[in-house]
file model24.csv (CSV, C-alpha atoms)
chain,number,residue,atom,x,y,z
Q,1,MET,CA,-3.8,-10.6,-35.3
Q,2,GLN,CA,-5.1,-9.3,-38.7
Q,3,PHE,CA,-8.5,-9.5,-40.3
Q,4,ASN,CA,-10.0,-7.9,-43.3
Q,5,ALA,CA,-13.4,-6.2,-43.5
Q,6,GLN,CA,-14.9,-9.1,-45.4
Q,7,ASP,CA,-14.0,-11.6,-42.7
Q,8,ILE,CA,-15.4,-9.4,-40.0
Q,9,ALA,CA,-18.6,-8.8,-41.9
Q,10,PHE,CA,-19.0,-12.6,-42.2
Q,11,ILE,CA,-18.6,-13.1,-38.5
Q,12,LEU,CA,-21.2,-10.3,-37.8
Q,13,ASN,CA,-23.6,-11.2,-40.6
Q,14,GLY,CA,-23.1,-7.7,-41.9
Q,15,THR,CA,-22.6,-6.0,-45.3
Q,16,VAL,CA,-19.5,-4.2,-46.5
Q,17,GLU,CA,-19.5,-0.7,-48.0
Q,18,GLY,CA,-16.0,0.1,-49.3
Q,19,ASP,CA,-12.9,-2.0,-49.6
Q,20,PRO,CA,-13.7,-5.5,-48.4
Q,21,LEU,CA,-10.0,-6.5,-48.2
Q,22,VAL,CA,-8.8,-3.6,-46.0
Q,23,MET,CA,-6.9,-5.0,-43.0
Q,24,VAL,CA,-7.3,-4.2,-39.3
Q,25,ASN,CA,-5.1,-5.3,-36.5
Q,26,GLN,CA,-6.5,-3.5,-33.4
Q,27,LEU,CA,-9.7,-2.2,-31.9
Q,28,ALA,CA,-10.2,1.5,-31.0
Q,29,LYS,CA,-12.7,4.1,-30.1
Q,30,ILE,CA,-13.9,6.0,-33.1
Q,31,GLU,CA,-12.5,9.3,-31.9
Q,32,GLU,CA,-9.1,7.7,-31.5
Q,33,GLY,CA,-9.1,5.5,-34.6
Q,34,GLN,CA,-5.9,5.2,-36.6
Q,35,ASP,CA,-4.9,3.4,-39.8
Q,36,GLY,CA,-5.4,-0.3,-39.2
Q,37,SER,CA,-7.9,0.0,-36.4
Q,38,LEU,CA,-11.5,-1.2,-36.2
Q,39,SER,CA,-14.2,0.9,-34.5
Q,40,PHE,CA,-17.9,1.3,-34.2
Q,41,LEU,CA,-20.6,4.0,-34.1
Q,42,SER,CA,-23.9,3.5,-32.2
Q,43,ASN,CA,-24.4,6.7,-30.2
Q,44,PRO,CA,-25.5,9.6,-32.5
Q,45,LYS,CA,-23.5,12.2,-30.6
Q,46,TYR,CA,-20.3,10.5,-31.9
Q,47,GLU,CA,-21.4,10.7,-35.5
Q,48,PRO,CA,-19.1,13.7,-36.3
Q,49,TYR,CA,-16.1,11.5,-35.7
Q,50,LEU,CA,-17.3,9.2,-38.5
Q,51,TYR,CA,-16.2,11.8,-41.0
Q,52,THR,CA,-12.9,12.7,-39.4
Q,53,THR,CA,-11.6,9.4,-37.9
Q,54,ASN,CA,-8.6,7.6,-39.4
Q,55,ALA,CA,-9.9,4.2,-38.5
Q,56,SER,CA,-9.8,1.8,-41.4
Q,57,VAL,CA,-13.1,-0.1,-40.7
Q,58,ILE,CA,-16.2,1.1,-38.8
Q,59,ILE,CA,-19.2,-0.9,-37.8
Q,60,VAL,CA,-22.5,1.1,-38.1
Q,61,ASN,CA,-26.2,0.5,-37.9
Q,62,ASN,CA,-28.1,-0.5,-41.0
Q,63,ASP,CA,-30.3,2.5,-40.8
Q,64,LEU,CA,-27.5,5.1,-40.6
Q,65,LYS,CA,-27.7,7.8,-43.3
Q,66,LEU,CA,-24.4,9.4,-44.1
Q,67,ALA,CA,-24.3,13.2,-44.0
Q,68,GLU,CA,-21.1,13.4,-46.0
Q,69,PRO,CA,-18.5,11.0,-47.5
Q,70,VAL,CA,-16.4,8.8,-45.2
Q,71,LYS,CA,-12.8,7.5,-45.7
Q,72,ALA,CA,-13.3,4.3,-43.8
Q,73,THR,CA,-14.8,1.0,-45.0
Q,74,LEU,CA,-18.2,0.5,-43.3
Q,75,ILE,CA,-19.7,-2.7,-42.1
Q,76,ARG,CA,-23.5,-2.3,-41.7
Q,77,VAL,CA,-25.2,-4.5,-39.1
Q,78,GLU,CA,-28.5,-4.6,-37.2
Q,79,ASN,CA,-27.0,-3.3,-33.9
Q,80,ALA,CA,-23.5,-1.8,-34.0
Q,81,TYR,CA,-23.0,-1.9,-30.3
Q,82,SER,CA,-24.0,-5.5,-29.9
Q,83,ALA,CA,-21.8,-6.5,-32.9
Q,84,PHE,CA,-18.8,-4.7,-31.5
Q,85,THR,CA,-19.2,-6.5,-28.1
Q,86,VAL,CA,-19.1,-9.8,-30.1
Q,87,LEU,CA,-15.8,-8.8,-31.6
Q,88,LEU,CA,-14.5,-7.7,-28.2
Q,89,GLU,CA,-15.2,-11.2,-26.8
Q,90,LYS,CA,-13.6,-12.9,-29.8
Q,91,TYR,CA,-10.6,-10.6,-29.7
Q,92,ASN,CA,-10.2,-11.3,-25.9
Q,93,THR,CA,-10.6,-15.1,-26.4
Q,94,ILE,CA,-7.8,-15.1,-29.0
Q,95,LYS,CA,-5.6,-12.8,-27.0
Q,96,LEU,CA,-5.9,-14.9,-23.9
Q,97,HIS,CA,-5.6,-18.3,-25.6
Q,98,LYS,CA,-2.8,-20.2,-24.1
Q,99,THR,CA,-2.0,-23.9,-23.7
Q,100,GLY,CA,0.9,-26.0,-22.5
Q,101,ILE,CA,2.9,-26.1,-19.3
Q,102,GLU,CA,5.7,-23.6,-18.8
Q,103,GLN,CA,8.8,-24.2,-16.7
Q,104,PRO,CA,9.7,-23.9,-14.0
Q,105,CYS,CA,6.5,-24.8,-12.2
Q,106,PHE,CA,5.5,-27.6,-9.7
Q,107,ILE,CA,2.8,-30.1,-10.4
Q,108,HIS,CA,2.3,-32.8,-7.8
Q,109,PRO,CA,2.3,-36.3,-9.3
Q,110,SER,CA,-1.1,-37.0,-7.9
Q,111,ALA,CA,-2.7,-33.9,-9.6
Q,112,GLN,CA,-5.0,-34.6,-12.5
Q,113,ILE,CA,-4.7,-32.1,-15.4
Q,114,GLY,CA,-7.2,-32.1,-18.2
Q,115,GLU,CA,-6.7,-31.5,-21.9
Q,116,ASP,CA,-5.5,-28.2,-23.4
Q,117,VAL,CA,-4.8,-26.8,-20.0
Q,118,TYR,CA,-2.3,-23.9,-19.6
Q,119,ILE,CA,-0.1,-23.7,-16.5
Q,120,GLY,CA,2.2,-20.7,-16.3
Q,121,ALA,CA,5.7,-20.5,-14.9
Q,122,PHE,CA,6.2,-20.6,-11.1
Q,123,ALA,CA,2.7,-22.0,-10.5
Q,124,TYR,CA,2.2,-24.5,-7.7
Q,125,ILE,CA,-0.3,-27.3,-8.1
Q,126,GLY,CA,-0.7,-29.3,-4.9
Q,127,PRO,CA,-1.5,-33.0,-4.2
Q,128,ASP,CA,-4.8,-34.4,-5.5
Q,129,VAL,CA,-5.7,-31.2,-7.4
Q,130,LYS,CA,-8.1,-31.7,-10.3
Q,131,ILE,CA,-8.1,-29.2,-13.2
Q,132,GLY,CA,-10.6,-29.5,-16.0
Q,133,ASN,CA,-10.2,-29.2,-19.7
Q,134,ASN,CA,-9.3,-25.9,-21.3
Q,135,SER,CA,-8.6,-24.2,-18.0
Q,136,LYS,CA,-5.8,-21.7,-17.5
Q,137,VAL,CA,-3.5,-21.2,-14.5
Q,138,TYR,CA,-1.4,-18.1,-15.0
Q,139,PRO,CA,2.1,-17.6,-13.5
Q,140,ASN,CA,2.7,-17.4,-9.8
Q,141,THR,CA,-0.6,-19.0,-8.9
Q,142,TYR,CA,-0.9,-21.3,-5.9
Q,143,ILE,CA,-3.5,-24.1,-5.9
Q,144,GLY,CA,-3.6,-26.0,-2.6
Q,145,ASP,CA,-4.2,-29.6,-1.8
Q,146,ASN,CA,-7.4,-31.3,-3.0
Q,147,VAL,CA,-8.7,-28.3,-4.9
Q,148,THR,CA,-11.1,-29.0,-7.8
Q,149,ILE,CA,-11.3,-26.7,-10.8
Q,150,GLY,CA,-13.8,-27.2,-13.6
Q,151,GLU,CA,-13.5,-26.7,-17.3
Q,152,ASN,CA,-12.8,-23.4,-19.1
Q,153,THR,CA,-11.9,-21.7,-15.8
Q,154,THR,CA,-9.2,-19.0,-15.7
Q,155,LEU,CA,-7.0,-18.1,-12.7
Q,156,PHE,CA,-5.0,-15.0,-13.5
Q,157,ALA,CA,-1.5,-14.4,-12.1
Q,158,GLY,CA,-1.0,-14.5,-8.4
Q,159,VAL,CA,-4.3,-16.1,-7.4
Q,160,LYS,CA,-4.2,-18.2,-4.3
Q,161,VAL,CA,-6.7,-21.1,-3.8
Q,162,TYR,CA,-6.4,-22.8,-0.4
Q,163,PHE,CA,-7.0,-26.5,0.2
Q,164,ASP,CA,-10.3,-28.3,-0.5
Q,165,CYS,CA,-11.9,-25.4,-2.4
Q,166,VAL,CA,-14.1,-26.1,-5.4
Q,167,LEU,CA,-14.3,-23.9,-8.5
Q,168,GLY,CA,-16.9,-24.7,-11.2
Q,169,ASN,CA,-16.9,-24.3,-15.0
Q,170,ASN,CA,-16.3,-21.0,-16.7
Q,171,VAL,CA,-15.1,-19.3,-13.5
Q,172,ILE,CA,-12.8,-16.3,-13.8
Q,173,VAL,CA,-10.6,-15.2,-10.8
Q,174,HIS,CA,-8.5,-12.1,-11.3
Q,175,SER,CA,-5.0,-11.4,-10.0
Q,176,GLY,CA,-4.4,-11.2,-6.3
Q,177,ALA,CA,-7.7,-12.8,-5.3
Q,178,ILE,CA,-7.5,-15.2,-2.4
Q,179,ILE,CA,-10.0,-18.1,-2.2
Q,180,GLY,CA,-10.3,-20.0,1.0
Q,181,SER,CA,-8.2,-18.1,3.5
Q,182,ASP,CA,-9.3,-18.6,7.2
Q,183,GLY,CA,-12.5,-17.1,8.4
Q,184,PHE,CA,-12.1,-14.6,11.2
Q,185,GLY,CA,-12.8,-16.9,14.1
Q,186,PHE,CA,-11.4,-16.3,17.6
Q,187,ALA,CA,-12.7,-17.3,21.1
Q,188,PRO,CA,-12.1,-14.8,23.9
Q,189,ASN,CA,-10.4,-15.9,27.1
Q,190,ALA,CA,-10.9,-14.5,30.6
Q,191,ASP,CA,-7.5,-12.9,30.5
Q,192,GLY,CA,-8.4,-10.9,27.4
Q,193,THR,CA,-6.4,-13.1,24.9
Q,194,TYR,CA,-8.0,-15.1,22.1
Q,195,ASN,CA,-7.8,-18.7,20.9
Q,196,LYS,CA,-8.0,-19.3,17.2
Q,197,ILE,CA,-11.0,-21.3,16.0
Q,198,SER,CA,-9.8,-23.7,13.3
Q,199,GLN,CA,-11.6,-23.1,10.0
Q,200,ILE,CA,-12.1,-26.5,8.5
Q,201,GLY,CA,-14.7,-25.8,5.8
Q,202,ASN,CA,-14.1,-24.6,2.2
Q,203,VAL,CA,-15.2,-22.2,-0.5
Q,204,ILE,CA,-17.4,-23.1,-3.5
Q,205,LEU,CA,-17.5,-21.0,-6.6
Q,206,GLU,CA,-20.2,-22.3,-8.8
Q,207,ASP,CA,-20.3,-22.1,-12.6
Q,208,ASN,CA,-19.9,-18.7,-14.4
Q,209,VAL,CA,-18.8,-16.8,-11.3
Q,210,GLU,CA,-16.3,-14.0,-11.7
Q,211,VAL,CA,-14.1,-12.7,-8.8
Q,212,GLY,CA,-12.2,-9.4,-9.1
Q,213,SER,CA,-8.6,-8.5,-8.2
Q,214,ASN,CA,-7.6,-8.6,-4.6
Q,215,THR,CA,-11.0,-9.9,-3.4
Q,216,THR,CA,-10.8,-12.3,-0.5
Q,217,ILE,CA,-13.4,-15.1,0.2
Q,218,ASP,CA,-12.9,-16.8,3.5
Q,219,ARG,CA,-13.4,-20.5,4.0
Q,220,ALA,CA,-16.2,-21.7,6.2
Q,221,THR,CA,-15.7,-22.6,9.8
Q,222,MET,CA,-17.6,-25.8,8.9
Q,223,GLY,CA,-19.5,-26.4,5.7
Q,224,SER,CA,-18.9,-24.0,2.8
Q,225,THR,CA,-18.8,-20.4,1.9
Q,226,ILE,CA,-20.8,-20.4,-1.4
Q,227,ILE,CA,-20.8,-18.0,-4.3
Q,228,HIS,CA,-23.7,-19.3,-6.4
Q,229,LYS,CA,-23.7,-19.5,-10.2
Q,230,GLY,CA,-23.4,-16.4,-12.3
Q,231,ALA,CA,-22.5,-14.1,-9.4
Q,232,LYS,CA,-20.1,-11.3,-10.3
Q,233,LEU,CA,-17.8,-9.9,-7.5
Q,234,ASP,CA,-15.8,-6.7,-8.1
Q,235,ASN,CA,-12.3,-5.9,-6.8
Q,236,LEU,CA,-11.4,-5.5,-3.2
Q,237,LEU,CA,-14.3,-7.3,-1.6
Q,238,GLN,CA,-14.3,-9.1,1.8
Q,239,ILE,CA,-16.6,-12.1,1.9
Q,240,ALA,CA,-16.5,-13.7,5.3
Q,241,HIS,CA,-16.8,-17.3,6.5
Q,242,ASN,CA,-20.1,-19.2,5.7
Q,243,VAL,CA,-21.5,-16.3,3.6
Q,244,GLU,CA,-23.7,-17.3,0.7
Q,245,ILE,CA,-24.1,-15.0,-2.3
Q,246,GLY,CA,-27.1,-15.8,-4.5
Q,247,ALA,CA,-27.1,-16.6,-8.2
Q,248,ASN,CA,-26.5,-13.7,-10.6
Q,249,THR,CA,-26.0,-11.2,-7.8
Q,250,VAL,CA,-23.5,-8.4,-8.5
Q,251,ILE,CA,-21.4,-6.6,-5.9
Q,252,ALA,CA,-19.3,-3.5,-6.4
Q,253,ALA,CA,-15.9,-2.8,-5.0
Q,254,GLN,CA,-14.9,-2.4,-1.3
Q,255,THR,CA,-18.1,-4.1,0.0
Q,256,GLY,CA,-17.7,-6.2,3.2
Q,257,ILE,CA,-20.1,-9.0,4.1
Q,258,SER,CA,-19.8,-10.4,7.6
Q,259,GLY,CA,-20.0,-14.1,8.6
Q,260,SER,CA,-23.0,-16.3,7.8
Q,261,THR,CA,-25.0,-13.6,6.0
Q,262,LYS,CA,-27.1,-14.8,3.1
Q,263,VAL,CA,-27.6,-12.6,0.1
Q,264,GLY,CA,-30.3,-13.6,-2.3
Q,265,ASP,CA,-30.4,-14.1,-6.0
Q,266,ASN,CA,-30.3,-11.3,-8.5
Q,267,CYS,CA,-29.3,-8.6,-6.0
Q,268,VAL,CA,-27.4,-5.4,-6.9
Q,269,ILE,CA,-25.1,-4.1,-4.2
Q,270,GLY,CA,-23.2,-0.8,-4.6
Q,271,GLY,CA,-19.6,0.0,-3.6
Q,272,GLN,CA,-18.5,0.2,0.1
Q,273,VAL,CA,-21.7,-1.4,1.5
Q,274,GLY,CA,-21.2,-3.1,4.9
Q,275,MET,CA,-23.3,-5.9,6.2
Q,276,VAL,CA,-23.3,-7.3,9.7
Q,277,GLY,CA,-23.3,-11.1,10.2
Q,278,HIS,CA,-26.1,-13.6,10.5
Q,279,ILE,CA,-28.7,-11.7,8.5
Q,280,SER,CA,-30.4,-12.4,5.2
Q,281,VAL,CA,-31.0,-10.1,2.2
Q,282,ALA,CA,-34.0,-10.8,0.0
Q,283,ARG,CA,-33.9,-11.7,-3.6
Q,284,GLY,CA,-33.7,-8.8,-6.0
Q,285,SER,CA,-32.6,-6.2,-3.4
Q,286,GLN,CA,-30.8,-3.2,-4.6
Q,287,ILE,CA,-28.6,-1.5,-2.1
Q,288,MET,CA,-27.1,2.0,-2.7
Q,289,ALA,CA,-23.3,2.6,-2.2
Q,290,LYS,CA,-22.0,3.1,1.3
Q,291,SER,CA,-25.1,1.7,3.0
Q,292,GLY,CA,-24.8,-0.1,6.3
Q,293,ILE,CA,-27.1,-3.2,6.5
Q,294,ASN,CA,-27.6,-4.1,10.1
Q,295,LYS,CA,-30.8,-6.3,10.0
Q,296,ASN,CA,-32.7,-8.6,7.7
Q,297,ILE,CA,-34.2,-7.4,4.4
Q,298,VAL,CA,-37.3,-9.5,3.8
Q,299,GLU,CA,-39.1,-7.6,1.0
Q,300,GLU,CA,-38.0,-8.8,-2.4
Q,301,GLY,CA,-37.1,-6.5,-5.3
Q,302,LYS,CA,-36.8,-3.3,-3.2
Q,303,LYS,CA,-34.2,-0.5,-3.2
Q,304,TRP,CA,-32.5,0.4,0.1
Q,305,GLY,CA,-30.1,3.0,1.4
Q,306,GLY,CA,-28.7,4.8,4.5
Q,307,ILE,CA,-26.0,4.5,7.1
Q,308,PRO,CA,-27.2,2.4,8.8
Q,309,PHE,CA,-30.0,1.7,6.3
Q,310,PHE,CA,-33.4,2.5,7.7
Q,311,THR,CA,-35.7,3.3,4.8
Q,312,ASN,CA,-36.2,2.7,1.1
Q,313,TYR,CA,-34.0,4.2,-1.5
Q,314,MET,CA,-36.2,7.1,-2.6
Q,315,GLU,CA,-37.0,8.1,1.0
Q,316,ASN,CA,-33.3,8.0,1.9
Q,317,LEU,CA,-32.5,10.4,-1.0
Q,318,ARG,CA,-35.2,12.8,0.4
Q,319,VAL,CA,-33.6,12.6,3.8
Q,320,GLU,CA,-30.1,13.3,2.3
Q,321,SER,CA,-31.6,16.3,0.5
Q,322,ALA,CA,-33.3,17.6,3.6
Q,323,VAL,CA,-30.0,17.5,5.5
Q,324,THR,CA,-28.5,20.2,3.2
Q,325,HIS,CA,-31.4,22.5,4.2
Q,326,LEU,CA,-30.8,22.2,7.9
Q,327,PRO,CA,-28.9,25.5,8.4
Q,328,ALA,CA,-31.7,27.4,6.6
Q,329,LEU,CA,-34.3,25.5,8.6
Q,330,GLU,CA,-32.6,26.3,11.9
Q,331,LYS,CA,-32.5,30.0,11.0
Q,332,ARG,CA,-36.3,29.9,10.2
Q,333,VAL,CA,-37.0,28.2,13.5
Q,334,LEU,CA,-35.0,30.8,15.4
Q,335,GLU,CA,-36.9,33.6,13.6
Q,336,LEU,CA,-40.3,31.9,14.4
Q,337,GLU,CA,-39.3,31.5,18.1
Q,338,LYS,CA,-38.4,35.2,18.2
Q,339,ILE,CA,-41.8,36.2,16.7
Q,340,ILE,CA,-43.6,33.9,19.2
Q,341,THR,CA,-41.7,35.5,22.1
Q,342,GLU,CA,-42.6,39.0,20.9
Q,343,LEU,CA,-46.3,38.1,20.5
Q,344,LYS,CA,-46.3,36.7,24.0
Q,345,SER,CA,-44.7,39.8,25.3
Q,346,ALA,CA,-47.3,42.0,23.6
Q,347,HIS,CA,-50.1,40.2,25.5
call {"tool": "encode", "arguments": {"input": "model24.csv", "output": "structure tokens"}}
result
Amino acid sequence: MQFNAQDIAFILNGTVEGDPLVMVNQLAKIEEGQDGSLSFLSNPKYEPYLYTTNASVIIVNNDLKLAEPVKATLIRVENAYSAFTVLLEKYNTIKLHKTGIEQPCFIHPSAQIGEDVYIGAFAYIGPDVKIGNNSKVYPNTYIGDNVTIGENTTLFAGVKVYFDCVLGNNVIVHSGAIIGSDGFGFAPNADGTYNKISQIGNVILEDNVEVGSNTTIDRATMGSTIIHKGAKLDNLLQIAHNVEIGANTVIAAQTGISGSTKVGDNCVIGGQVGMVGHISVARGSQIMAKSGINKNIVEEGKKWGGIPFFTNYMENLRVESAVTHLPALEKRVLELEKIITELKSAH
């Protein structure tokens, strides 16, 4: 893919300083820029690289004043960082654009496939599956019976979607993720063995949800496990049966959420957080990494931390800081006890 500076400036509503016809074919950080690459400068601490980089085109802010001449062609815009993110999105869209059905793959005759859909080699599309327009199913992906997938949704290589699950529009599921595996349900017997409880529900991923690599979202025992619109799930999460994740909530890697827990809208949950089952987390909660949540959080918009969590975020930081002073505190207590003993002896 090749573009010239003039074309890029047109897309970004910017102005060109230098050769408008210079060509670029890759994106690069300014400190790593080579001939034919496009970069940007928004952080002032990287400005020295502007005068030494070999990048062909650099996006800069309108108000940047040059301290010395530059070799590269400049494109001046209102906000260089925002402009570069626009280009990243366009670049990614072009790079991932695929259509057509590769062979070998299996598509059941009853499946309904929309327009401009891509299905990669060795994919399996089961009976009564519905796939919306412009969606992409990468190689080695499994889509079980009666699954519904909306428009502009992407399932990367090796994704597994079990039967009856529903994925909305503009959903992204990354490689290795499993949607709709059985919830962890077993009934104990008197002899110490367990009977499996059939999990007959499904998983619903609403519009604009993104699921990271190797994340597992278990199907409900009955009803649905629901990830509401706009939620973003990182890699290596365990979302148990009948959990609900609120709209626009973000969850970092290695977090585990136990069955039937409800997480509110617009929450921010750090990595390696653990939540017990059958609790609720209030809207707008922020939970620090490694926290253990063992009861309901009812106050909205608060920060929490601790293992298990027991106080708000700032108080937890003070507790952690105090722990580091315990040896010195113990020494002071022993010294005070010695002084008190000596004072008592003197009387």
call {"tool": "atom_distance", "arguments": {"input": "model24.csv", "atom1": "atom CA of Lys232 of chain Q", "atom2": "atom CA of Phe156 of chain Q"}}
result
15.9 Å
call {"tool": "residues_near_point", "arguments": {"input": "model24.csv", "point": "(-8.8, -28.9, 2.2)", "cutoff": "12 Å", "atoms": "only C-alpha atoms", "output": "ChimeraX atom specification"}}
result
/Q:126-129,143-148,161-166,179-182,199-204,219-220,222-224
call {"tool": "residues_near_point", "arguments": {"input": "model24.csv", "point": "(-9.9, 7.0, -43.7)", "cutoff": "12 Å", "atoms": "only C-alpha atoms", "output": "PyMOL selection string"}}
result
chain Q and resi 18-19+22+30+33-39+49-58+69-74
call {"tool": "atom_distance", "arguments": {"input": "model24.csv", "atom1": "atom CA of Gln254 of chain Q", "atom2": "atom CA of Phe184 of chain Q"}}
result
17.7 Å
call {"tool": "closest_residue", "arguments": {"input": "model24.csv", "among": "Q:Thr261, Q:Thr255, Q:Ser345, Q:Ser135", "to": "Ile101 of chain Q", "atoms": "only C-alpha atoms"}}
result
Q:Ser135
call {"tool": "closest_residue", "arguments": {"input": "model24.csv", "among": "Q:Val211, Q:Pro109, Q:Val173, Q:Gly256", "to": "Val276 of chain Q", "atoms": "only C-alpha atoms"}}
result
Q:Gly256
call {"tool": "atom_distance", "arguments": {"input": "model24.csv", "atom1": "atom CA of Gly192 of chain Q", "atom2": "atom CA of Ile279 of chain Q"}}
result
27.7 Å
call {"tool": "closest_residue", "arguments": {"input": "model24.csv", "among": "Q:Asn235, Q:Thr324, Q:Gln272, Q:Gly277", "to": "Ser291 of chain Q", "atoms": "all atoms listed in the file"}}
result
Q:Gln272
call {"tool": "closest_residue", "arguments": {"input": "model24.csv", "among": "Q:Asn62, Q:Ser42, Q:Ser285, Q:Gln26", "to": "Asn92 of chain Q", "atoms": "all atoms listed in the file"}}
result
Q:Gln26
call {"tool": "closest_residue", "arguments": {"input": "model24.csv", "among": "Q:Ala9, Q:Val24, Q:Ile119, Q:Ala231", "to": "Thr249 of chain Q", "atoms": "only C-alpha atoms"}}
result
Q:Ala231
call {"tool": "residues_around", "arguments": {"input": "model24.csv", "residues": "Thr215 of chain Q", "least_positions_apart": "5", "cutoff": "7 Å", "atoms": "all atoms listed in the file", "output": "list in words"}}
result
Ala177, Ile178, Asn235, Leu236, Leu237 and Gln238 of chain Q
call {"tool": "residues_around", "arguments": {"input": "model24.csv", "residues": "Ser258 of chain Q", "least_positions_apart": "4", "cutoff": "8 Å", "atoms": "all atoms listed in the file", "output": "PyMOL selection string"}}
result
chain Q and resi 239-241+243+274-278
call {"tool": "closest_residue", "arguments": {"input": "model24.csv", "among": "Q:Thr153, Q:Gln103, Q:Thr225, Q:Ser110", "to": "Ala123 of chain Q", "atoms": "all atoms listed in the file"}}
result
Q:Gln103
call {"tool": "residues_around", "arguments": {"input": "model24.csv", "residues": "Asn208 of chain Q", "least_positions_apart": "2", "cutoff": "7 Å", "atoms": "all atoms listed in the file", "output": "list in words"}}
result
Asn169, Asn170, Val171, Glu206, Glu210, Lys229 and Gly230 of chain Q
call {"tool": "residues_around", "arguments": {"input": "model24.csv", "residues": "Met314 of chain Q", "least_positions_apart": "5", "cutoff": "9 Å", "atoms": "all atoms listed in the file", "output": "count of residues only"}}
result
4
